[in-house]
Amino acid sequence: MAFICYSFRCDNKPYSLQPNSLQPKIPMTIDETLTYDFAAIETKWQSEWQNKATFKVSEDQSLPKYYLLEMFPYPSGRIHMGHVRNYTIGDVIARYKRMKGFNVLHPMGWDAFGLPAENAAIKHNTHPAKWTLENIAYMKNQLRRMGFSYDWDREVATCNSDYYRWEQQFFIDLYNKGLVYRKMTTVNWCEPCQTVLANEQVIEGACWRCDHKVMPREMNGWFFKITDYADELLAELDNMPGWPDKVLTMQRHWIGKSVGASIDFAIENSSKRLPIFTTRPDTIFGATFMSIAPEHPLLDELCRGTAQEEQVRTFVEETRNAKQRANYEDVLDKAGVFTGSYCLNPFTNERLPIYAANFVLMEYGTGAVMAVPAHDQRDYEFACKYGLAIKPVIQPESGELPSNAAYEGPGALIDSAEFSGIDNEAAKKAITAKAAAKGFGKAQTTFRLRDWGISRQRYWGAPIPMLTCEACGIQPVASADLPVLLPTDVQFDQSGKSPLHTMESFFSTTCPRCGGRARRETDTMDTFVESSWYYARYTSPRFQGGMVDMAAANYWLPVDQYIGGVEHAILHLLYSRFFTKAMRDVGYLTIDEPFTNLLTQGMVIKDGTKMSKSKGNVVDPDTLVKQYGADTVRLFGLFAAPPERDLEWNDQGVEGSSRFLSKLYRFVAANSSNKQTEATPETTLDGESRLLQRKTHQTIQKFSTDIENNFHFNTCISSVMELMNVLTTQDQAHPSVVRFAIDTVIKLLYPMVPHICAELWRMTGHSESLDTMAWPAFDPEAAKEDELTIVIQICGKVRSRLQVPVGTSEEQLKEMALADERVEKYLGQGPIRKIIVVKDKLVNIVV
RNA sequence: GCGAGAGUGGUGAAAUUGGUAGACGCACUGGACUUAGGAUCCAGCCCACGUGAGUGGUUGGGGGUUCGACUCCCCCCUCUCGCACCA
């Protein structure tokens, strides 16, 4: 093939061809036709994709479907490198799956409700809707500029009433099913955000959004009964091989199932009973006292009139203050106080003093714990501090009981009446059974998971479709009255308090049941409610008959591949799983789980830490795209690290990617006259032609394997770089082989860098669209090596190498190895003990 | 404290079932072409010794299994993430 050489000079005069070996193999140019003008190319193809609606999809029963989804962004103003990485990974998969013959759903939308909009509105004296919509317009343009292949016809913005009205309907559906309830309880309050947070939104004791310490507060709020699904949410995790173990583990832990028993202890001189939950009913004969939470509702009654009453009240007050002061990491020293009352162990009738203890949590179990200091470390420490009895009832199989700690391991029961001698696991069942038979206990499973509190005291969210009638009490809004529109004519004050709370035109309404005066709920829903079902809405985003059109949902769902940050391992991913199950039970969906495969991509970091404005290490995608083009930015993000790992941003690395694309462009452009040649390789080839042909097929194989194997795009790209290195140096190869190699490179790289590939595809004379091209297949025969390098080891150390034809027998290899000069040199001393031959790999001679 | 994951050149990272450690990049060094080079091309590039051929060492540290270990087992160190007295 001929190489055209131009110099890259300001005067633009080509220099003459030089015959020496230093002659550039790749032409350099600023000639208009050969310059990689990424800006023009990218704009051109983006317009074409948009004008031709290339990525618009519909339900086509004749094709296998593939639903690819990336976590939709919050329209904060501009996209950041994390978005770019997330969406690039997704786009590669979407384009790749299309080439593999799938009908690919690849939608995009906006998680558009939320606090930043409201705060920005207060600060700039504008409206959250305006701020949000402007951000969406800007960011959408940024995404277009990246060349992502979305079906924009399915775009969804959750702040649109067309979206949230169905969420309100669903809220009512859940209310009617008893899966929504209202209660007064201690909630997590974030003062700067002026709102309540769900447990999942409290990270290390602080607000997930503003990082401010969360304080307890007594409040009324609406709850989703996610705990009704705790068992299913947990059990299904065992059946989700497409999710990373890390996420499965985190969810298991969060749901936190404990199997045990609840047992009622009678209170002395009272008709009331004190129920406890324990995972160790086998140790009940070792209970020597009772611990209850300072917030326990019976505490007041237990201490009233006793000598200890004053002390108890002081203790409760002090504990509350200490908890408020404490930091997340602090474990308070165990402390407690005798209440003055006793309860009775139902198995022994022993009197157990009841203590209020600061380490007992009211939110878990029953808020009361039977204390077995011999077999629980916390109780042990407490007993030591207050001089309470320690009574061992489990004997370890071997060895003695520890003298200065609780023994929490297995063993046989001792001093436990008729259960003595029984293995403790068997005793758990036997003791629970007896308690149940006698009517003072039962087997019980307790979860760590709490119900999801979704009331938010802010404005910019979906109104909760409930009201309180003066006569009928709490009522859902009538379906016919939906949506409950979020009013737009509102005035904000600097405090952040929601204008809805004082807006009579909004909250003043009538009861759908009796027509009397009623007050609307003025809290709005947690924005995580919107993101818990958007993936379902994308299947039929304009459907006016409900949340989803079931036919479309049945075709597309579940999501085949979901991609997003691991920070949502619990929050969003747990809520979405719950929503899918609840939607199924209401009758909107038929699936059990929303996301078959989950890819949690790593963070984009720079200088060792996550990019953030406060650290001043952010890289702006716009600047990069302007400087290098979208394809280069995409390529670098894919090449620098595998998707699940953190990506260290490196400006010089971006240069490298840019260089590679320029080189590719120049090379293909220089060879684009090679149009007439058939793109099929000839059957018998030799020399450089054979070498290039083999490398091409090997690259298809390697690339296809790596993309299927956890989307390891970084090694995919290196394999194409290797092919390019061969392609640009083997200038004696037959034009048809070169042509085939070039076509292959373009097809392989297309999902990653679609603009340049589309351009080169056309430049090389193809009339069909690359967007609908099939993924290249490789010929295993053509990929086969003729010769192999066999390593010769002596005692495991590499001493020599042999070039042999493929298929050389083990015997031959052995002979050749022993005949090798370099081997002889090493075999001077000692007899050969053994020779290990690994076919096509190595010969190891042990002396 | 409990749970999960990770430690490989100057650097980002590669290494089928245990079988040539460091592919592919970046940075760096030398050279070519140049008025110039931040473009492009050629070459070198794990460490130590040696002009060289070569020799020895090297995947956080220490042991083990094996003909052979980045890979498997045990102990230790460091880092990251999740959980936070869950009875």
# chains A, B, ... in the order shown; residues from 1 in each chain; ligands from 1

call {"tool": "interface_residues", "arguments": {"of": "chain B", "to": "chain A", "cutoff": "6 Å", "atoms": "only C-alpha atoms (C1' of nucleotides)", "output": "PyMOL selection string"}}
result
chain B and resi 12+24+26+41-42+68+85+87

call {"tool": "residues_around", "arguments": {"residues": "A:Trp452", "least_positions_apart": "5", "cutoff": "9 Å", "atoms": "only C-alpha atoms (C1' of nucleotides)", "output": "list in words"}}
result
Ala198, Asn199, Glu200, Trp222, Phe223, Phe224, Lys225, Ile226, Thr227 and Tyr575 of chain A

call {"tool": "residues_around", "arguments": {"residues": "stretch 236-241 of chain A", "least_positions_apart": "3", "cutoff": "9 Å", "atoms": "only C-alpha atoms (C1' of nucleotides)", "output": "VMD selection string"}}
result
chain A and resid 231 to 233 244 to 245 248 to 249 251 to 252 592 to 593 596 to 597

call {"tool": "closest_residue", "arguments": {"among": "A:Asp646, A:Trp189, A:Asp489, A:Ala471", "to": "B:A6", "atoms": "only C-alpha atoms (C1' of nucleotides)"}}
result
A:Asp646

call {"tool": "select_by_dssp", "arguments": {"residues": "stretch 63-266 of chain A", "states": "alpha helix (DSSP H)", "output": "ChimeraX atom specification"}}
result
/A:81-99,115-124,128-145,161-176,230-235,245-255

call {"tool": "closest_residue", "arguments": {"among": "A:Trp110, A:Phe315, A:Tyr538, A:Phe72", "to": "A:Asp153", "atoms": "only C-alpha atoms"}}
result
A:Tyr538

call {"tool": "select_by_dssp", "arguments": {"residues": "stretch 61-246 of chain A", "states": "strand (DSSP E or B)", "output": "number ranges by chain"}}
result
A: 65-70, 103-105, 109-110, 156-157, 180-190, 195-197, 202-203, 206-207, 213, 215-224

call {"tool": "atom_distance", "arguments": {"atom1": "atom CA of A:Ser416", "atom2": "atom CA of A:Phe338"}}
result
26.2 Å

call {"tool": "atom_distance", "arguments": {"atom1": "atom C1' of B:C72", "atom2": "atom CA of A:Lys839"}}
result
22.5 Å

call {"tool": "atom_distance", "arguments": {"atom1": "atom CA of A:Phe492", "atom2": "atom CA of A:Glu530"}}
result
23.5 Å
